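**Q** Next up, model.txt (compact mmCIF, C-alpha atoms and all ligand atoms).
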# COMPACT_ATOMS: atom_id res chain seq x y z
CA MET U 490 0.00 0.00 0.00
CA ILE U 491 1.02 3.62 -0.21
CA SER U 492 -0.01 5.42 2.99
CA PRO U 493 0.46 9.06 4.06
CA ALA U 494 2.92 7.73 6.67
CA LEU U 495 5.09 6.37 3.87
CA LEU U 496 4.95 9.58 1.83
CA ALA U 497 6.20 11.50 4.87
CA LEU U 498 9.40 9.41 4.98
CA LEU U 499 10.43 9.81 1.35
CA ARG U 500 13.15 11.72 -0.41
CA CYS U 501 14.10 11.72 -4.08
CA PRO U 502 16.52 8.81 -4.70
CA SER U 503 18.04 10.63 -7.65
CA CYS U 504 18.82 14.09 -6.22
CA GLY U 505 18.15 13.66 -2.49
CA SER U 506 15.53 16.40 -2.21
CA THR U 507 12.63 15.94 0.21
CA GLU U 508 10.47 18.30 -1.84
CA LEU U 509 8.18 15.76 -3.43
CA ASP U 510 4.81 16.32 -4.99
CA ASN U 511 2.25 13.65 -4.18
CA GLN U 512 0.11 13.26 -7.28
CA SER U 513 -2.64 10.72 -7.85
CA ASP U 514 -0.59 8.38 -10.03
CA ALA U 515 2.99 9.35 -9.14
CA VAL U 516 5.37 11.12 -6.81
CA VAL U 517 7.24 13.90 -8.57
CA CYS U 518 10.46 15.56 -7.42
CA ARG U 519 10.12 19.35 -7.42
CA VAL U 520 13.89 19.80 -7.76
CA CYS U 521 14.98 17.36 -10.50
CA SER U 522 11.46 16.85 -11.94
CA ILE U 523 11.79 13.07 -12.05
CA THR U 524 8.47 11.22 -11.89
CA TYR U 525 8.19 8.08 -9.75
CA PRO U 526 5.09 6.12 -10.78
CA LYS U 527 2.69 4.61 -8.25
CA ARG U 528 1.98 0.98 -9.09
CA ALA U 529 -0.64 -1.32 -7.59
CA GLY U 530 0.45 -1.33 -3.94
CA TYR U 531 3.91 0.27 -4.17
CA ILE U 532 5.89 3.21 -5.54
CA ASP U 533 8.62 2.73 -8.14
CA LEU U 534 11.46 4.73 -6.60
CA MET U 535 14.36 3.24 -8.52
CA PRO U 536 16.92 6.02 -8.97
CA ARG U 537 17.07 7.31 -12.51
CA GLY U 538 20.33 7.89 -14.34
CA VAL U 539 22.39 5.53 -12.16
CA ASP U 540 24.22 2.54 -13.65
CA TYR U 541 25.16 -0.18 -11.21
CA ASP U 542 27.82 -2.84 -11.80
CA TYR U 543 26.05 -5.25 -9.54
CA VAL U 544 22.39 -6.15 -9.96
CA SER U 545 20.76 -8.88 -7.85
CA LYS U 546 19.57 -11.95 -9.73
CA TYR U 547 16.19 -11.31 -8.15
CA VAL U 548 16.01 -8.29 -10.42
CA THR U 549 17.59 -9.76 -13.57
CA GLU U 550 15.87 -13.15 -13.48
CA GLU U 551 12.57 -12.06 -12.03
CA GLU U 552 10.36 -14.13 -14.32
CA GLN U 553 12.14 -17.46 -13.84
CA LEU U 554 12.48 -16.96 -10.11
CA SER U 555 8.94 -15.83 -9.59
CA GLU U 556 7.72 -19.21 -10.83
CA GLU U 557 10.14 -21.10 -8.61
CA LEU U 558 9.98 -19.08 -5.43
CA ASP U 559 6.21 -19.22 -5.18
CA TYR U 560 6.12 -15.79 -3.60
CA ARG U 561 2.52 -14.60 -3.96
CA ASP U 562 0.91 -16.36 -1.03
CA LEU U 563 2.22 -16.17 2.49
CA ALA U 564 2.27 -19.03 4.96
CA PRO U 565 2.27 -18.34 8.71
CA ALA U 566 5.66 -17.77 10.35
CA VAL U 567 6.69 -21.34 11.06
CA LEU U 568 9.84 -23.49 10.76
CA ALA U 569 13.11 -21.73 9.88
CA ALA U 570 11.28 -18.55 8.85
CA GLY U 571 9.48 -18.71 12.18
CA VAL U 572 12.76 -18.92 14.07
CA ARG U 573 14.14 -15.99 12.08
CA ASN U 574 11.00 -13.99 12.76
CA ARG U 575 10.67 -14.73 16.47
CA THR U 576 14.34 -13.99 17.08
CA THR U 577 14.14 -10.74 15.10
CA VAL U 578 11.10 -9.49 17.03
CA ARG U 579 12.68 -10.39 20.36
CA LEU U 580 16.13 -8.90 19.68
CA LEU U 581 14.78 -5.70 18.11
CA ASN U 582 12.05 -5.35 20.74
CA LEU U 583 9.60 -4.09 18.09
CA ASN U 584 6.91 -1.88 19.66
CA LYS U 585 4.00 0.42 18.87
CA ASN U 586 6.12 3.59 18.58
CA ASP U 587 8.44 2.17 15.94
CA VAL U 588 8.75 3.27 12.35
CA CYS U 589 10.38 0.14 10.92
CA LEU U 590 12.05 -0.76 7.61
CA ASP U 591 12.43 -4.23 6.14
CA ASN U 592 15.48 -3.42 4.02
CA ALA U 593 15.41 -5.81 1.03
CA CYS U 594 12.11 -7.37 2.00
CA GLY U 595 11.71 -9.93 -0.82
CA ASN U 596 8.04 -10.83 -0.95
CA GLY U 597 7.49 -8.87 2.28
CA LYS U 598 6.63 -11.76 4.57
CA PHE U 599 8.58 -10.56 7.61
CA ALA U 600 7.14 -7.07 7.22
CA VAL U 601 3.60 -8.47 6.99
CA TRP U 602 4.03 -10.76 9.99
CA ASN U 603 5.16 -7.86 12.19
CA ALA U 604 3.27 -4.86 10.86
CA HIS U 605 0.75 -5.11 13.74
CA LEU U 606 3.56 -4.70 16.29
CA VAL U 607 4.79 -1.30 15.06
CA LYS U 608 3.44 2.11 14.14
CA THR U 609 4.57 2.01 10.51
CA MET U 610 6.09 -0.91 8.61
CA VAL U 611 7.83 -0.22 5.31
CA GLY U 612 9.20 -2.86 2.96
CA ASN U 613 11.72 -1.99 0.27
CA ASP U 614 13.13 -4.17 -2.49
CA PRO U 615 14.53 -3.59 -5.99
CA ALA U 616 12.59 -6.63 -7.27
CA THR U 617 8.81 -6.46 -7.13
CA MET U 618 7.95 -10.05 -6.30
CA PHE U 619 5.73 -8.86 -3.47
CA ALA U 620 3.12 -11.13 -1.90
CA ASP U 621 -0.48 -10.09 -2.47
CA VAL U 622 -1.05 -9.49 1.24
CA ALA U 623 2.10 -7.31 1.39
CA LEU U 624 0.81 -5.15 -1.46
CA ALA U 625 -2.45 -4.74 0.43
CA GLN U 626 -1.27 -4.31 4.02
CA ILE U 627 2.19 -2.73 4.27
CA ASP U 628 3.88 0.29 2.77
CA LEU U 629 6.09 -0.80 -0.12
CA THR U 630 8.75 0.85 -2.22
CA GLN U 631 10.75 -0.47 -5.13
CA ALA U 632 14.22 1.01 -4.78
CA ASP U 633 17.89 0.13 -4.78
CA SER U 634 19.33 -0.40 -1.29
CA ARG U 635 22.40 1.67 -2.26
CA ASN U 636 20.15 4.63 -2.84
CA LEU U 637 17.26 4.40 -0.41
CA PRO U 638 14.36 6.74 -1.15
CA PHE U 639 14.03 7.77 2.51
CA ASP U 640 15.08 10.90 4.33
CA ASP U 641 17.91 10.90 6.90
CA ASN U 642 17.10 9.76 10.48
CA VAL U 643 13.56 8.49 9.92
CA PHE U 644 13.53 4.85 11.10
CA ASP U 645 13.54 3.67 14.73
CA LYS U 646 14.19 0.08 13.71
CA ALA U 647 15.20 -1.84 10.61
CA PHE U 648 16.01 -5.40 9.71
CA SER U 649 17.62 -7.36 6.94
CA LEU U 650 17.12 -11.12 6.85
CA ASP U 651 19.17 -13.30 4.49
CA VAL U 652 20.45 -10.34 2.51
CA LEU U 653 24.13 -9.62 3.16
CA GLU U 654 25.34 -13.02 1.93
CA HIS U 655 24.15 -12.10 -1.58
CA PHE U 656 26.29 -8.97 -1.96
CA PRO U 657 29.93 -8.32 -2.94
CA ILE U 658 31.82 -6.21 -0.43
CA ASP U 659 31.40 -2.79 -2.08
CA VAL U 660 27.64 -3.35 -2.24
CA ILE U 661 27.60 -4.38 1.44
CA ASP U 662 29.40 -1.16 2.34
CA ALA U 663 27.00 0.97 0.32
CA TYR U 664 24.01 -0.94 1.72
CA LEU U 665 25.10 -0.47 5.36
CA ALA U 666 26.02 3.19 4.83
CA GLU U 667 22.53 3.88 3.47
CA GLN U 668 20.94 1.86 6.27
CA ALA U 669 22.90 3.95 8.80
CA ARG U 670 21.84 7.19 7.12
CA VAL U 671 18.10 6.48 7.34
CA LEU U 672 18.21 5.22 10.96
CA LYS U 673 17.46 7.70 13.72
CA PRO U 674 20.33 8.30 16.16
CA GLY U 675 19.83 5.58 18.78
CA GLY U 676 17.90 3.55 16.21
CA GLN U 677 18.64 -0.14 15.83
CA PHE U 678 19.21 -2.40 12.85
CA LEU U 679 19.19 -6.20 12.92
CA ALA U 680 20.97 -8.26 10.26
CA MET U 681 20.64 -12.02 9.96
CA SER U 682 23.13 -13.58 7.59
CA ASN U 683 25.97 -16.07 7.49
CA THR U 684 29.73 -16.23 7.05
CA ARG U 685 31.81 -19.15 5.81
CA GLU U 686 32.71 -20.17 9.37
CA LYS U 687 31.83 -23.65 10.62
CA SER U 688 30.50 -24.14 14.13
CA THR U 689 32.16 -26.56 16.56
CA LEU U 690 28.86 -28.45 16.45
CA GLN U 691 29.29 -29.03 12.70
CA PRO U 692 29.57 -32.86 13.09
CA LEU U 693 25.99 -32.92 14.40
CA VAL U 694 24.83 -30.77 11.48
CA SER U 695 26.69 -33.04 9.05
CA LEU U 696 24.94 -36.08 10.47
CA SER U 697 21.54 -34.64 9.50
CA ARG U 698 22.89 -33.76 6.07
CA TRP U 699 24.17 -37.32 5.67
CA ILE U 700 20.79 -38.78 6.58
CA GLY U 701 19.18 -36.33 4.14
CA LYS U 702 21.55 -37.49 1.40
CA GLN U 703 20.44 -41.11 1.85
CA PHE U 704 16.85 -40.05 1.16
CA VAL U 705 17.97 -38.08 -1.91
CA LYS U 706 19.81 -41.19 -3.17
CA ALA U 707 16.68 -43.23 -2.62
CA GLY U 708 14.73 -40.67 -4.69
CA VAL U 709 12.41 -39.67 -1.84
CA TYR U 710 13.17 -35.95 -2.14
CA ASP U 711 15.80 -33.48 -3.35
CA PHE U 712 17.19 -30.11 -2.43
CA GLU U 713 16.74 -28.37 -5.79
CA ARG U 714 14.69 -25.52 -4.37
CA GLU U 715 17.21 -24.89 -1.57
CA LYS U 716 20.04 -24.90 -4.12
CA LEU U 717 18.14 -22.37 -6.18
CA ARG U 718 17.68 -20.08 -3.21
CA LYS U 719 21.35 -20.29 -2.32
CA SER U 720 22.60 -20.14 -5.90
CA ASP U 721 23.90 -16.59 -5.63
CA HIS U 722 25.32 -16.68 -2.12
CA ILE U 723 28.67 -14.93 -2.23
CA LYS U 724 29.39 -14.65 1.50
CA ALA U 725 31.83 -11.81 0.95
CA LEU U 726 31.94 -11.37 4.73
CA GLU U 727 33.86 -14.62 5.23
CA THR U 728 34.49 -14.46 8.96
CA TRP U 729 32.87 -12.95 12.04
CA GLU U 730 35.70 -10.39 12.14
CA ASP U 731 34.72 -9.34 8.60
CA VAL U 732 31.14 -8.81 9.81
CA LEU U 733 32.20 -6.62 12.74
CA ALA U 734 34.57 -4.63 10.49
CA ALA U 735 31.80 -3.96 7.95
CA PHE U 736 29.47 -2.56 10.64
CA GLU U 737 32.32 -0.48 12.05
CA ARG U 738 32.97 1.05 8.61
CA ALA U 739 29.29 2.01 8.49
CA GLY U 740 29.53 3.65 11.92
CA LEU U 741 27.10 1.16 13.47
CA LYS U 742 27.83 -0.16 16.96
CA PRO U 743 27.05 -3.83 17.86
CA VAL U 744 24.72 -4.17 20.86
CA LYS U 745 23.48 -7.79 20.64
CA VAL U 746 24.68 -10.95 18.95
CA VAL U 747 23.08 -14.38 18.73
CA PHE U 748 24.59 -17.21 16.69
CA TRP U 749 22.49 -19.88 15.04
CA ASN U 750 24.15 -23.29 15.27
CA SER U 751 21.69 -25.30 13.23
CA VAL U 752 21.78 -28.62 15.08
CA PHE U 753 18.05 -29.10 15.61
CA THR U 754 17.30 -26.85 12.64
CA SER U 755 19.26 -28.94 10.16
CA PHE U 756 17.66 -32.17 11.38
CA VAL U 757 14.25 -30.65 10.75
CA GLU U 758 15.25 -29.15 7.38
CA HIS U 759 17.21 -32.07 5.97
CA VAL U 760 15.14 -34.96 7.28
CA LEU U 761 11.87 -34.29 9.08
CA MET U 762 10.35 -31.58 6.86
CA LYS U 763 11.61 -33.02 3.61
CA LEU U 764 9.92 -36.31 4.44
CA GLY U 765 6.70 -34.48 5.27
CA GLU U 766 6.98 -32.49 2.07
CA ALA U 767 7.62 -35.60 -0.05
CA TRP U 768 4.51 -37.13 1.48
CA ALA U 769 2.30 -34.05 1.09
CA GLY U 770 3.42 -33.43 -2.51
CA ARG U 771 3.52 -37.10 -3.48
CA SER U 772 1.29 -37.20 -6.57
CA LYS U 773 0.90 -34.72 -9.36
CA PRO U 774 -2.54 -33.23 -9.78
CA SER U 775 -4.42 -34.82 -12.72
CA THR U 776 -4.81 -31.52 -14.54
CA SER U 777 -1.19 -30.70 -15.28
CA SER U 778 -0.46 -27.13 -14.30
CA SER U 779 0.69 -24.90 -17.10
CA LYS U 780 4.11 -23.65 -16.19
CA SER U 781 5.51 -20.76 -18.16
CA VAL U 782 9.10 -21.77 -17.40
CA ALA U 783 10.76 -25.12 -16.74
CA ILE U 784 11.31 -25.99 -13.11
CA SER U 785 12.74 -29.17 -11.61
CA ASP U 786 10.60 -32.03 -10.28
CA GLY U 787 11.83 -31.45 -6.75
CA THR U 788 10.93 -27.78 -6.85
CA ASP U 789 7.61 -28.63 -8.42
CA ARG U 790 6.86 -31.20 -5.70
CA GLU U 791 7.85 -28.82 -2.95
CA ILE U 792 5.68 -26.01 -4.28
CA ARG U 793 2.78 -28.46 -4.67
CA ALA U 794 3.23 -29.59 -1.06
CA ARG U 795 3.37 -26.03 0.17
CA ARG U 796 0.22 -25.05 -1.65
CA ARG U 797 -1.67 -28.06 -0.31
CA LEU U 798 -0.55 -27.44 3.26
CA ARG U 799 -1.14 -23.73 3.12
CA GLY U 800 -4.92 -24.03 3.12
CA SER U 801 -4.79 -26.10 6.28
CA LEU U 802 -2.22 -23.73 7.84
CA ASP U 803 -4.35 -20.68 7.18
CA ARG U 804 -7.19 -22.23 9.12
CA LYS U 805 -4.80 -22.70 12.06
CA GLY U 806 -5.75 -26.34 12.38
CA GLY U 807 -3.75 -29.22 13.84
CA LEU U 808 -1.02 -28.90 11.26
CA TYR U 809 -0.35 -25.32 12.30
CA TYR U 810 0.13 -26.29 15.94
CA PHE U 811 2.31 -29.23 14.96
CA LEU U 812 4.53 -26.92 12.89
CA MET U 813 4.69 -24.42 15.76
CA LEU U 814 5.97 -27.24 17.96
CA VAL U 815 8.61 -28.06 15.34
CA THR U 816 9.48 -24.34 15.19
CA TRP U 817 10.10 -24.24 18.94
CA PHE U 818 12.18 -27.41 18.60
CA MET U 819 14.32 -25.63 15.97
CA GLU U 820 14.55 -22.57 18.20
CA LEU U 821 16.33 -24.67 20.83
CA ASP U 822 19.40 -23.97 18.69
CA ILE U 823 19.10 -20.28 19.60
CA TRP U 824 18.42 -20.86 23.30
CA LEU U 825 21.03 -23.58 23.85
CA PHE U 826 23.87 -22.56 21.54
CA GLY U 827 23.26 -18.85 20.85
CA SER U 828 26.55 -17.72 22.33
CA LEU U 829 28.62 -20.34 20.50
CA ARG U 830 30.25 -18.75 17.44
CA SER U 831 29.06 -20.15 14.12
CA GLY U 832 28.49 -19.11 10.51
CA SER U 833 24.86 -18.00 10.91
CA TYR U 834 24.25 -15.00 13.08
CA PHE U 835 21.82 -12.32 14.19
CA ILE U 836 23.46 -9.02 15.02
CA VAL U 837 21.77 -5.87 16.34
CA VAL U 838 23.69 -2.64 15.78
CA GLU U 839 22.89 0.88 16.88
CA LYS U 840 23.43 4.25 15.24
CA PRO U 841 25.29 6.30 17.88
CA ARG U 842 23.69 9.50 19.18
CA PRO U 843 25.77 12.58 18.38
ZN ZN D 1 14.99 14.82 -7.33
Go ahead and express the file in the form of structure tokens.
**A**
Amino acid sequence: MISPALLALLRCPSCGSTELDNQSDAVVCRVCSITYPKRAGYIDLMPRGVDYDYVSKYVTEEEQLSEELDYRDLAPAVLAAGVRNRTTVRLLNLNKNDVCLDNACGNGKFAVWNAHLVKTMVGNDPATMFADVALAQIDLTQADSRNLPFDDNVFDKAFSLDVLEHFPIDVIDAYLAEQARVLKPGGQFLAMSNTREKSTLQPLVSLSRWIGKQFVKAGVYDFEREKLRKSDHIKALETWEDVLAAFERAGLKPVKVVFWNSVFTSFVEHVLMKLGEAWAGRSKPSTSSSKSVAISDGTDREIRARRRLRGSLDRKGGLYYFLMLVTWFMELDIWLFGSLRSGSYFIVVEKPRP
């Protein structure tokens, strides 16, 4: 959606002016005269006249990915996404006074799940694969994270989940510098991402992976969709020291850190859920769906399973409560091993007051 609260936060991403004219079908900059069209549910605030070396594959391969990522409908916050979400809400202490940014929001699921907790929730992404409910319920902008269309010092809170691992180092620096600029002094930003570091509990994680591999060999399921999601992970921040250095360069001060050693999580993801998925997606529907682009059988099966389960999840029936139980089981990783250094991390940083 495009609310008055959103319009009040904006600045021109091309020239930086806050003198914007709110017209019925567009926002127009009074200084550089660039017109930013309003689309159904969001504003196109991509900066004009800027050429970037790096463009996310979510922007360049939008059509192919949109088929495979199945982004339009949102499930409730369960499983790994549930752990991410619960930990984010807890660490950031989201509350009713907060103006909050989901910086690189993807389909907007985390923004949607938490919009009721804050005063204003804004999602921004350069790709426009927004979920239908996100378009309807939260403020959305399409913009490049290196050139955010928001004024200085406007957000109390912000978060970025599974974003940094996609960017080369110069993009990370530009991304964090912009994030710092739009945060209020004393405002907090949470990033969840991962380095190349292995946890000391890695043997336990590997065991789940090994069990998972036996099922793949037996043809029960595959990890095609996971591979696809991780296909452009660069992990330019290779170590935890690299992470801290990047935030220091952006002038953001660490205040909380929780590591995610995925012992329980990987057992659920590599064995338990994949078995459930294989079962729920077991047969193809008789009317073959018309796919505009080719996707693998495994991806197809997984999407089919998700769609079947989603109806039941939305009604908050038994399956929902079962998956919440599994989510809490996965979250044991956070409670038991959160201080043990590993590749996956949540970090909360603060913009210092002058
Ligand atoms: Zn302008």
**Q** Show me as a PyMOL selection string the residues that reach within 6 Å of (11.1, -6.3, 2.3), counting all atoms listed in the file and using the file's own coordinates.
**A** chain U and resi 591-595+597+612-614
**Q** Within 8 Å of ligand ZN 1 (chain D), which residues show up when you count all atoms listed in the file? List them as a PDB file with C-alpha atoms, in the coordinates of the input, please.
**A**
ATOM      1  CA  ARG U 500      13.150  11.720  -0.410  1.00  0.00           C
ATOM      2  CA  CYS U 501      14.100  11.720  -4.080  1.00  0.00           C
ATOM      3  CA  PRO U 502      16.520   8.810  -4.700  1.00  0.00           C
ATOM      4  CA  SER U 503      18.040  10.630  -7.650  1.00  0.00           C
ATOM      5  CA  CYS U 504      18.820  14.090  -6.220  1.00  0.00           C
ATOM      6  CA  GLY U 505      18.150  13.660  -2.490  1.00  0.00           C
ATOM      7  CA  SER U 506      15.530  16.400  -2.210  1.00  0.00           C
ATOM      8  CA  THR U 507      12.630  15.940   0.210  1.00  0.00           C
ATOM      9  CA  GLU U 508      10.470  18.300  -1.840  1.00  0.00           C
ATOM     10  CA  LEU U 509       8.180  15.760  -3.430  1.00  0.00           C
ATOM     11  CA  VAL U 517       7.240  13.900  -8.570  1.00  0.00           C
ATOM     12  CA  CYS U 518      10.460  15.560  -7.420  1.00  0.00           C
ATOM     13  CA  ARG U 519      10.120  19.350  -7.420  1.00  0.00           C
ATOM     14  CA  VAL U 520      13.890  19.800  -7.760  1.00  0.00           C
ATOM     15  CA  CYS U 521      14.980  17.360 -10.500  1.00  0.00           C
ATOM     16  CA  SER U 522      11.460  16.850 -11.940  1.00  0.00           C
ATOM     17  CA  ILE U 523      11.790  13.070 -12.050  1.00  0.00           C
TER      18      ILE U 523
END
**Q** Compile a residue-level contact table for range 658-701 of chain U against range 740-753 of chain U at a cut-off of 8 Å, reporting for every qualifying residue the shortest atom pair and its distance in Å to one decimal, with all atoms listed in the file counted, rows ordered by chain and ascending number, as a Markdown table.
**A**
| residue | atom | partner | partner_atom | distance |
| --- | --- | --- | --- | --- |
| U:Ala666 | CA | U:Gly740 | CA | 7.9 |
| U:Ala669 | CA | U:Leu741 | CA | 6.9 |
| U:Ser688 | CA | U:Asn750 | CA | 6.5 |
| U:Leu690 | CA | U:Asn750 | CA | 7.1 |
| U:Gln691 | CA | U:Val752 | CA | 7.9 |
| U:Leu693 | CA | U:Val752 | CA | 6.1 |
| U:Val694 | CA | U:Val752 | CA | 5.2 |
**Q** Hey, what's within 12 Å of Leu761 in chain U if we count only C-alpha atoms and toss same-chain stuff fewer than 5 positions away? As a list of chain:residue names, please?
**A**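 That gives U:Leu568, U:Ser697, U:Arg698, U:Ile700, U:Gly701, U:Phe704, U:Tyr710, U:Phe753, U:Thr754, U:Ser755, U:Phe756, U:Glu766, U:Ala767, U:Trp768, U:Leu812, U:Val815, U:Thr816, U:Phe818, U:Met819.
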**Q** Rounded to one decimal in Å, what is the spacing between CA of Asn574 in chain U and CA of Met681 in chain U?
**A** 10.2 Å
**Q** Using all atoms listed in the file, which of the listed residues (U:Arg685, U:Arg795, U:Lys706, U:Arg575) sits closest to Asp731 in chain U?
**A**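 Smallest separation from Asp731 in chain U among the options: U:Arg685.
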**Q** Could you give me, as an MDAnalysis selection string, the residues within 7 Å of Leu679 in chain U, counting only C-alpha atoms and dropping anything in the same chain fewer than 2 positions from it?
**A** chainID U and resid 581 647:649 677 681 835:838
**Q** So, counting only C-alpha atoms, which residue among U:Ser492, U:Arg771, U:Glu715, U:Asn636 is closest to Glu758 in chain U?
**A**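 Smallest separation from Glu758 in chain U among the options: U:Glu715.
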**Q** What separation in Å, quoted to one decimal, exists between CA of Lys546 in chain U and CA of Lys702 in chain U?
**A**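 Pair CA of Lys546 in chain U / CA of Lys702 in chain U returns 27.9 Å.
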**Q** Quick one: everything within 8 Å of Gly770 in chain U, counting all atoms listed in the file, minus sequence neighbours fewer than 3 positions away in the same chain. Send it as a PyMOL selection string.
**A** chain U and resi 766-767+773+790-795+797
**Q** Only C-alpha atoms, please: the residues just picked out, written as a CSV table (one decimal), in the frame of the given file.
**A**
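Writing the result to selection-v1.csv gives the following:
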chain,number,residue,atom,x,y,z
U,766,GLU,CA,7.0,-32.5,2.1
U,767,ALA,CA,7.6,-35.6,0.0
U,773,LYS,CA,0.9,-34.7,-9.4
U,790,ARG,CA,6.9,-31.2,-5.7
U,791,GLU,CA,7.8,-28.8,-3.0
U,792,ILE,CA,5.7,-26.0,-4.3
U,793,ARG,CA,2.8,-28.5,-4.7
U,794,ALA,CA,3.2,-29.6,-1.1
U,795,ARG,CA,3.4,-26.0,0.2
U,797,ARG,CA,-1.7,-28.1,-0.3
**Q** Find, counting only C-alpha atoms, the residue in U:Ile532, U:Leu499, U:Leu637, U:Leu653 that gets nearest to Asn683 in chain U.
**A**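 Among the listed residues, U:Leu653 lies closest to Asn683 in chain U.
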**Q** Report, in Å with one decimal, the straight-line distance from CA of Asp641 in chain U to CA of Val611 in chain U.
**A** 15.1 Å
**Q** With distances taken over only C-alpha atoms, which of U:Ser682, U:Met490, U:Pro615, U:Val660 is nearest to Gly530 in chain U?
**A**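 Smallest separation from Gly530 in chain U among the options: U:Met490.
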**Q** In terms of the shortest atom-to-atom distance over all atoms listed in the file, which of U:Val643, U:Thr524, U:Gln703, U:Leu580 is closest to Pro674 in chain U?
**A**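 The closest residue to Pro674 in chain U is U:Val643.
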